[in-house]
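Heads up, the thing below is written out as structure tokens.
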Amino acid sequence: MSTDFKPGQGAPIRITALAALLALSACGGSDDDTRPIAESCTTLAGKTLGNGSATITAAELQAATPATGATAQAMPAYCKLSVAARDTGLKMGLWLPTEGWNGKLLMQGGGGFDGAIAAPTANLLLAHMSPSVVGERYAVMATNGGHEAAENANGAFALDATKLQEFAQTSEHRALPWGKELVNTAYGKAPTRSYFEGCSMGGHDAMMLSQRYPEDFDGIVARAPAGNIMGLFPAFSRLSITVRNPANRLTPAKQTLVADAALAQCDGLDGLADGIISKPAACQPNLSALRCAGGADAGDGCLSDAQLATVALVTSPYASADGAYTHPGYNHGLENSPVGWGQYIWPNAAGQSVQGGFADGFVRGFITRDLAYDTNLWNPNDWLPRMAEVATLFQAFNPDLSGMRARNAKLIMWNGTNDSSVTSRDMGRYYQATVARMGQAAVDQTLEAFEAPGVGHCGGGPGADHVDLVKSLDTWVTAGTPPSSQNLVQARKTATGDVALTRPLCKYPTTPRYKGTGDVNSAASFACVSD
Ligand SMILES: [Ca+2]
């Protein structure tokens, strides 16, 4: 006999028993008491939740793992629940610590075009995950964004209006109540706080949740926050089309000419020539000395006019004809690095860049809805009505955070200054827009933004990229102390997990400046300055 609730039959005995248990747990015991779940975990498989909107498709116990050297922290034992929506492709994973749950729920964002559920990780070298999520034993949940990765090529999933909507906006908002319900079912207690952390497209989702669904989370961490997604993709498109032409590309030697020129003119602006450009806004290097005589390509010792134009295009703003979609361009720095411009901008041997792969998917699946469309021909200005339709779902650049402000919820933004996917200039633009919209005092209660100088997309590079922003967020939410008052430092780690250098986490728009004396690898030798 099914244990599912059937309308008109009254509640089955199991649910009555559960209600009695809940009542008991509410009346007796200390606040720290939660129901032990190691034995009940696997019995949850097959049950429905969300008033029948979803099913628990699998429930399994995952054993704890010990710390491994300096690179992997200890992983607690989890009850792992897999959930699938009954009506769409939306799936969710939920990891419930079987012992020592800290009473809080954290949702992780996905990346790229999603299509997979990101498990909590104990890898301390993955900069885009706050280690306290595992170390402090949060219940962790994540979604697949509403579709499977097999549908990502050419953005094909976006041909389906429901999948487009769930990916662009609603997957986390829809799944969160399932996570809260299961936490309550499993532990007999609702989470005391619910947080979100995401990077890249997960950072986009963090911004979407902040603006459209401010009731959902008590605090949000947005790393590489791609909220201006409708400006990002046209910028991806124009750069990827440009570098498909071999004449517009830079050999590695030419990339290094540009990188060296940028360092020569910009590295010392922060008081220390350390390979880290900490004041990207002030870094506008003059590259005229790199021009080949006559402007035609004359080998690796100089740049042709076409190559100089490519560099200028990378760092220049974009705007659609109607001004609705804009992008501020990318910062100089790491022009010759695989974690800088080499990650998303420079193409492979076939002429395709990572930006190009995502732009192709956006143009084909989201905009033209033609999976064979020749993306080299795409001009956003020819597609403005469709851009507007998609923007309604997808864009997350509204500087009005009054919904979060009203609930005293908190938002932390973080972006590497040499991210060649999500430009940190957009984080600065967004921050300034919130100040213009809400006023500095209200923004200070709701939002703090941080640049990570010399850091690429979600991490990597010569700069300091590791900082536990979830821990900082939790302190802000529960104790009222904003991140900028927590004396936080970011660290760069070696491949074996050792700290190579630290830098202060400077609240935007301040930047770290070397004091002139002291250990150049220590954050204590730097001050956050506004000059
Ligand atoms: Ca420097």
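By convention here, the chains of the structure tokens are called A, B, ... in the order presented, each chain's residues are numbered starting at 1, and ligands are numbered starting at 1 in the order presented.
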Subject >> Shell of 12 Å around ligand 1 (only C-alpha atoms and all ligand atoms), written as a ChimeraX atom specification >> reply: /A:262-280,283,333,453-454,462-463,503,511-516,520-521,526
Each residue of segment 41-150 of chain A lying at most 9 Å from segment 169-183 of chain A should get a row with its shortest atom-to-atom pair and the distance in Å to one decimal, counting only C-alpha atoms; could you produce that, ordered by chain and increasing number, as JSON lines?
```
{"residue": "A:Leu49", "atom": "CA", "partner": "A:Trp178", "partner_atom": "CA", "distance": 6.8}
{"residue": "A:Gly50", "atom": "CA", "partner": "A:Trp178", "partner_atom": "CA", "distance": 5.9}
{"residue": "A:Ala54", "atom": "CA", "partner": "A:Trp178", "partner_atom": "CA", "distance": 7.9}
{"residue": "A:Leu81", "atom": "CA", "partner": "A:Leu182", "partner_atom": "CA", "distance": 8.9}
{"residue": "A:Val83", "atom": "CA", "partner": "A:Trp178", "partner_atom": "CA", "distance": 8.5}
{"residue": "A:Ala85", "atom": "CA", "partner": "A:Ala175", "partner_atom": "CA", "distance": 8.8}
{"residue": "A:Leu90", "atom": "CA", "partner": "A:Ser171", "partner_atom": "CA", "distance": 6.9}
{"residue": "A:Lys91", "atom": "CA", "partner": "A:Ala175", "partner_atom": "CA", "distance": 8.2}
{"residue": "A:Met92", "atom": "CA", "partner": "A:Ala175", "partner_atom": "CA", "distance": 6.9}
{"residue": "A:Gly93", "atom": "CA", "partner": "A:Gly179", "partner_atom": "CA", "distance": 8.7}
{"residue": "A:Leu94", "atom": "CA", "partner": "A:Gly179", "partner_atom": "CA", "distance": 6.8}
{"residue": "A:Leu96", "atom": "CA", "partner": "A:Val183", "partner_atom": "CA", "distance": 7.6}
{"residue": "A:Leu105", "atom": "CA", "partner": "A:Lys180", "partner_atom": "CA", "distance": 7.8}
{"residue": "A:Met107", "atom": "CA", "partner": "A:Leu176", "partner_atom": "CA", "distance": 7.9}
{"residue": "A:Gly109", "atom": "CA", "partner": "A:Glu172", "partner_atom": "CA", "distance": 8.1}
{"residue": "A:Ala139", "atom": "CA", "partner": "A:Val183", "partner_atom": "CA", "distance": 7.7}
{"residue": "A:Val140", "atom": "CA", "partner": "A:Gly179", "partner_atom": "CA", "distance": 8.8}
{"residue": "A:Met141", "atom": "CA", "partner": "A:Gly179", "partner_atom": "CA", "distance": 6.9}
{"residue": "A:Ala142", "atom": "CA", "partner": "A:Glu172", "partner_atom": "CA", "distance": 7.8}
{"residue": "A:Thr143", "atom": "CA", "partner": "A:Glu172", "partner_atom": "CA", "distance": 6.7}
{"residue": "A:Asn144", "atom": "CA", "partner": "A:Ser171", "partner_atom": "CA", "distance": 8.0}
{"residue": "A:Gly145", "atom": "CA", "partner": "A:Ser171", "partner_atom": "CA", "distance": 5.4}
{"residue": "A:Gly146", "atom": "CA", "partner": "A:Ser171", "partner_atom": "CA", "distance": 6.1}
```
Any chance you can output those residues with C-alpha atoms as an mmCIF file, in the first residue's frame?
```
data_model
loop_
_atom_site.group_PDB
_atom_site.id
_atom_site.type_symbol
_atom_site.label_atom_id
_atom_site.label_comp_id
_atom_site.auth_asym_id
_atom_site.auth_seq_id
_atom_site.Cartn_x
_atom_site.Cartn_y
_atom_site.Cartn_z
ATOM 1 C CA LEU A 49 7.559 16.006 -0.995
ATOM 2 C CA GLY A 50 6.475 19.489 -1.901
ATOM 3 C CA ALA A 54 8.883 16.044 -6.266
ATOM 4 C CA LEU A 81 19.204 12.506 -0.900
ATOM 5 C CA VAL A 83 15.245 14.544 -5.576
ATOM 6 C CA ALA A 85 10.666 17.200 -9.899
ATOM 7 C CA LEU A 90 14.720 19.855 -12.315
ATOM 8 C CA LYS A 91 16.796 17.680 -9.971
ATOM 9 C CA MET A 92 18.315 18.382 -6.611
ATOM 10 C CA GLY A 93 20.907 16.849 -4.332
ATOM 11 C CA LEU A 94 20.852 17.285 -0.562
ATOM 12 C CA LEU A 96 22.662 16.022 5.412
ATOM 13 C CA LEU A 105 21.272 25.085 5.160
ATOM 14 C CA MET A 107 22.685 25.965 -1.341
ATOM 15 C CA GLY A 109 25.173 27.357 -7.322
ATOM 16 C CA ALA A 139 23.258 20.753 5.230
ATOM 17 C CA VAL A 140 24.215 21.330 1.591
ATOM 18 C CA MET A 141 21.964 21.346 -1.438
ATOM 19 C CA ALA A 142 22.395 22.011 -5.138
ATOM 20 C CA THR A 143 20.323 21.658 -8.310
ATOM 21 C CA ASN A 144 21.030 20.687 -11.906
ATOM 22 C CA GLY A 145 19.515 23.953 -13.137
ATOM 23 C CA GLY A 146 16.526 22.121 -14.614
#
```
Closest atom pairs, segment 188-298 of chain A residues within 10 Å of segment 380-384 of chain A, only C-alpha atoms, as a tab-separated table:
```
residue	atom	partner	partner_atom	distance
A:Phe233	CA	A:Pro380	CA	9.6
A:Pro234	CA	A:Pro380	CA	6.7
A:Ser237	CA	A:Pro380	CA	9.1
A:Arg238	CA	A:Pro380	CA	9.6
```
Can you check which parts of segment 437-483 of chain A lie within 7 Å of segment 401-423 of chain A? Per residue, the shortest pair of atoms and distance in Å to one decimal, counting only C-alpha atoms, sorted by chain and number, as a tab-separated table.
```
residue	atom	partner	partner_atom	distance
A:Thr446	CA	A:Lys410	CA	4.8
A:Leu447	CA	A:Leu411	CA	4.8
A:Glu448	CA	A:Ile412	CA	5.2
A:Ala449	CA	A:Met413	CA	4.5
A:Phe450	CA	A:Trp414	CA	4.8
A:Glu451	CA	A:Asn415	CA	5.1
A:Ala452	CA	A:Gly416	CA	4.5
A:Pro453	CA	A:Thr417	CA	5.1
A:Gly454	CA	A:Asn418	CA	5.8
A:Val455	CA	A:Gly416	CA	4.4
A:Gly456	CA	A:Asp419	CA	4.0
A:His457	CA	A:Asp419	CA	4.4
A:Cys458	CA	A:Gly416	CA	6.7
A:Gly459	CA	A:Gly416	CA	7.0
A:Val477	CA	A:Lys410	CA	6.7
```
**OP:** Rounded to one decimal place, report the atom CA of Asn376 of chain A-atom CA of Asn348 of chain A distance in Å.
**Re:**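 A separation of 16.4 Å between them.
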**OP:** Write out as number ranges by chain each polymer residue whose atoms come within 6 Å of segment 245-259 of chain A, counting only C-alpha atoms; drop sequence neighbours fewer than 5 positions from it.
**Re:** A: 300, 306-307, 335-336
Write a file of the selected residues as a PDB file, in the first residue's frame, keeping C-alpha atoms.
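That gives us result28.pdb:
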```
ATOM      1  CA  ASP A 300      57.012  37.966 -32.432  1.00  0.00           C
ATOM      2  CA  ALA A 306      45.019  44.171 -36.146  1.00  0.00           C
ATOM      3  CA  GLN A 307      46.548  42.567 -33.059  1.00  0.00           C
ATOM      4  CA  GLU A 335      47.292  38.661 -20.778  1.00  0.00           C
ATOM      5  CA  ASN A 336      49.648  35.699 -21.345  1.00  0.00           C
TER       6      ASN A 336
END
```
Considering only C-alpha atoms, return as a PDB file with C-alpha atoms, in the first residue's frame whatever protein or nucleic-acid residues lie within 9 Å of Asn123 of chain A, sequence-local ones (same chain, fewer than 5 positions apart) excluded.
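That gives us around-v8.pdb:
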```pdb
ATOM      1  CA  THR A  71      44.820  19.865   0.462  1.00  0.00           C
ATOM      2  CA  ALA A  72      41.691  18.031   1.636  1.00  0.00           C
ATOM      3  CA  GLN A  73      39.857  18.661   4.866  1.00  0.00           C
ATOM      4  CA  MET A 129      34.027  26.833  -2.288  1.00  0.00           C
ATOM      5  CA  PRO A 131      35.649  25.326   3.442  1.00  0.00           C
TER       6      PRO A 131
END
```
Subject >> Residue contacts of Asp114 of chain A (12 Å, only C-alpha atoms) excluding same-chain residues fewer than 4 positions away, as a PyMOL selection string >> reply: chain A and resi 90-91+108-110+118+142-153+155+157-158+163-164+166-168+171-172+198-202+204-205+358
Original post:
atom CA of Ile220 of chain A and atom CA of Thr55 of chain A are how many Å apart?
Top reply: 27.2 Å
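The space separating atom CA of Glu389 of chain A from atom CA of Met208 of chain A comes to 16.1 Å.
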**OP:** Excluding Glu99 of chain A and any residue of its chain fewer than 6 positions from it, enumerate the residues within 12 Å of it, using only C-alpha atoms, and give them as a VMD selection string.
**Re:** chain A and resid 32 to 39 61 63 to 64 75 to 79 136 to 139 187
Next, the residues of the selection above should be written as a PDB file, in the first residue's frame with N, CA and C atoms.
```pdb
ATOM      1  N   ASP A  32      19.438  22.038  20.897  1.00  0.00           N
ATOM      2  CA  ASP A  32      20.470  21.365  20.118  1.00  0.00           C
ATOM      3  C   ASP A  32      20.045  19.979  19.663  1.00  0.00           C
ATOM      4  N   ASP A  33      18.932  19.498  20.211  1.00  0.00           N
ATOM      5  CA  ASP A  33      18.516  18.147  19.863  1.00  0.00           C
ATOM      6  C   ASP A  33      17.981  18.092  18.457  1.00  0.00           C
ATOM      7  N   THR A  34      18.556  17.241  17.650  1.00  0.00           N
ATOM      8  CA  THR A  34      17.979  16.944  16.354  1.00  0.00           C
ATOM      9  C   THR A  34      17.863  15.436  16.252  1.00  0.00           C
ATOM     10  N   ARG A  35      16.946  15.019  15.421  1.00  0.00           N
ATOM     11  CA  ARG A  35      16.700  13.589  15.280  1.00  0.00           C
ATOM     12  C   ARG A  35      17.910  12.912  14.637  1.00  0.00           C
ATOM     13  N   PRO A  36      18.358  11.777  15.168  1.00  0.00           N
ATOM     14  CA  PRO A  36      19.448  11.057  14.499  1.00  0.00           C
ATOM     15  C   PRO A  36      18.966  10.534  13.154  1.00  0.00           C
ATOM     16  N   ILE A  37      19.782  10.690  12.127  1.00  0.00           N
ATOM     17  CA  ILE A  37      19.279  10.363  10.791  1.00  0.00           C
ATOM     18  C   ILE A  37      20.036   9.226  10.113  1.00  0.00           C
ATOM     19  N   ALA A  38      21.113   8.739  10.730  1.00  0.00           N
ATOM     20  CA  ALA A  38      21.906   7.706  10.059  1.00  0.00           C
ATOM     21  C   ALA A  38      21.052   6.476   9.745  1.00  0.00           C
ATOM     22  N   GLU A  39      20.134   6.118  10.657  1.00  0.00           N
ATOM     23  CA  GLU A  39      19.343   4.911  10.431  1.00  0.00           C
ATOM     24  C   GLU A  39      18.118   5.174   9.571  1.00  0.00           C
ATOM     25  N   LEU A  61      23.715   6.535   2.468  1.00  0.00           N
ATOM     26  CA  LEU A  61      24.675   7.036   3.447  1.00  0.00           C
ATOM     27  C   LEU A  61      26.042   7.110   2.788  1.00  0.00           C
ATOM     28  N   ALA A  63      30.026   7.643   3.679  1.00  0.00           N
ATOM     29  CA  ALA A  63      30.925   7.569   4.829  1.00  0.00           C
ATOM     30  C   ALA A  63      31.784   8.818   4.941  1.00  0.00           C
ATOM     31  N   ALA A  64      32.182   9.116   6.170  1.00  0.00           N
ATOM     32  CA  ALA A  64      33.116  10.212   6.401  1.00  0.00           C
ATOM     33  C   ALA A  64      34.480   9.857   5.833  1.00  0.00           C
ATOM     34  N   MET A  75      35.908  15.138   5.697  1.00  0.00           N
ATOM     35  CA  MET A  75      34.544  15.193   5.169  1.00  0.00           C
ATOM     36  C   MET A  75      33.641  14.438   6.138  1.00  0.00           C
ATOM     37  N   PRO A  76      32.542  15.053   6.587  1.00  0.00           N
ATOM     38  CA  PRO A  76      31.655  14.329   7.494  1.00  0.00           C
ATOM     39  C   PRO A  76      30.855  13.263   6.746  1.00  0.00           C
ATOM     40  N   ALA A  77      30.270  12.357   7.505  1.00  0.00           N
ATOM     41  CA  ALA A  77      29.324  11.406   6.909  1.00  0.00           C
ATOM     42  C   ALA A  77      28.044  12.152   6.555  1.00  0.00           C
ATOM     43  N   TYR A  78      27.514  11.834   5.396  1.00  0.00           N
ATOM     44  CA  TYR A  78      26.287  12.490   4.947  1.00  0.00           C
ATOM     45  C   TYR A  78      25.205  11.460   4.648  1.00  0.00           C
ATOM     46  N   CYS A  79      23.975  11.856   4.863  1.00  0.00           N
ATOM     47  CA  CYS A  79      22.824  11.217   4.243  1.00  0.00           C
ATOM     48  C   CYS A  79      22.559  11.984   2.957  1.00  0.00           C
ATOM     49  N   GLU A 136      32.062  23.089   8.997  1.00  0.00           N
ATOM     50  CA  GLU A 136      31.098  23.408  10.045  1.00  0.00           C
ATOM     51  C   GLU A 136      29.790  22.635   9.887  1.00  0.00           C
ATOM     52  N   ARG A 137      29.781  21.731   8.945  1.00  0.00           N
ATOM     53  CA  ARG A 137      28.689  20.770   8.793  1.00  0.00           C
ATOM     54  C   ARG A 137      27.333  21.423   8.514  1.00  0.00           C
ATOM     55  N   TYR A 138      27.332  22.172   7.446  1.00  0.00           N
ATOM     56  CA  TYR A 138      26.059  22.642   6.905  1.00  0.00           C
ATOM     57  C   TYR A 138      25.337  21.474   6.226  1.00  0.00           C
ATOM     58  N   ALA A 139      24.012  21.528   6.214  1.00  0.00           N
ATOM     59  CA  ALA A 139      23.258  20.753   5.230  1.00  0.00           C
ATOM     60  C   ALA A 139      23.446  21.471   3.899  1.00  0.00           C
ATOM     61  N   TYR A 187      15.642  15.929  10.317  1.00  0.00           N
ATOM     62  CA  TYR A 187      16.167  16.284  11.638  1.00  0.00           C
ATOM     63  C   TYR A 187      15.055  16.624  12.636  1.00  0.00           C
TER      64      TYR A 187
END
```
Original post:
A:Phe394, A:Tyr430, A:Trp95, A:Tyr344: which is nearest His327 of chain A, counting only C-alpha atoms?
Top reply: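 Nearest candidate to His327 of chain A out of A:Phe394, A:Tyr430, A:Trp95, A:Tyr344: A:Tyr430.
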**OP:** Please report, as number ranges by chain, each residue of segment 179-304 of chain A to which DSSP assigns strand (DSSP E or B) when run on this structure's backbone.
**Re:** A: 193-199, 219-223, 291, 303
**OP:** Using DSSP on the backbone coordinates, identify all residues within segment 83-165 of chain A classified as helix (DSSP H, G or I); present the result as a ChimeraX atom specification.
**Re:** /A:132-135,149-151,153-159,161-165
Original post:
Nearest to Ala442 of chain A among A:Val470, A:Asp400, A:Leu126, A:Val133, with distances taken over only C-alpha atoms: which residue is it?
Top reply: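 For Ala442 of chain A, the nearest of the candidates is A:Asp400.
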Subject >> Nearest to Leu501 of chain A, chosen from A:Asp465, A:Asp474, A:Glu60, A:Asp160, with only C-alpha atoms counted in the distances >> reply: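 Using only C-alpha atoms, the shortest distance to Leu501 of chain A belongs to A:Asp465.
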**OP:** Could you tell me which of A:Val221, A:Ile229, A:Ala282, A:Val311 comes closest to Glu197 of chain A if we count only C-alpha atoms?
**Re:**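 Checking each of A:Val221, A:Ile229, A:Ala282, A:Val311 against Glu197 of chain A, counting only C-alpha atoms, the winner is A:Val221.
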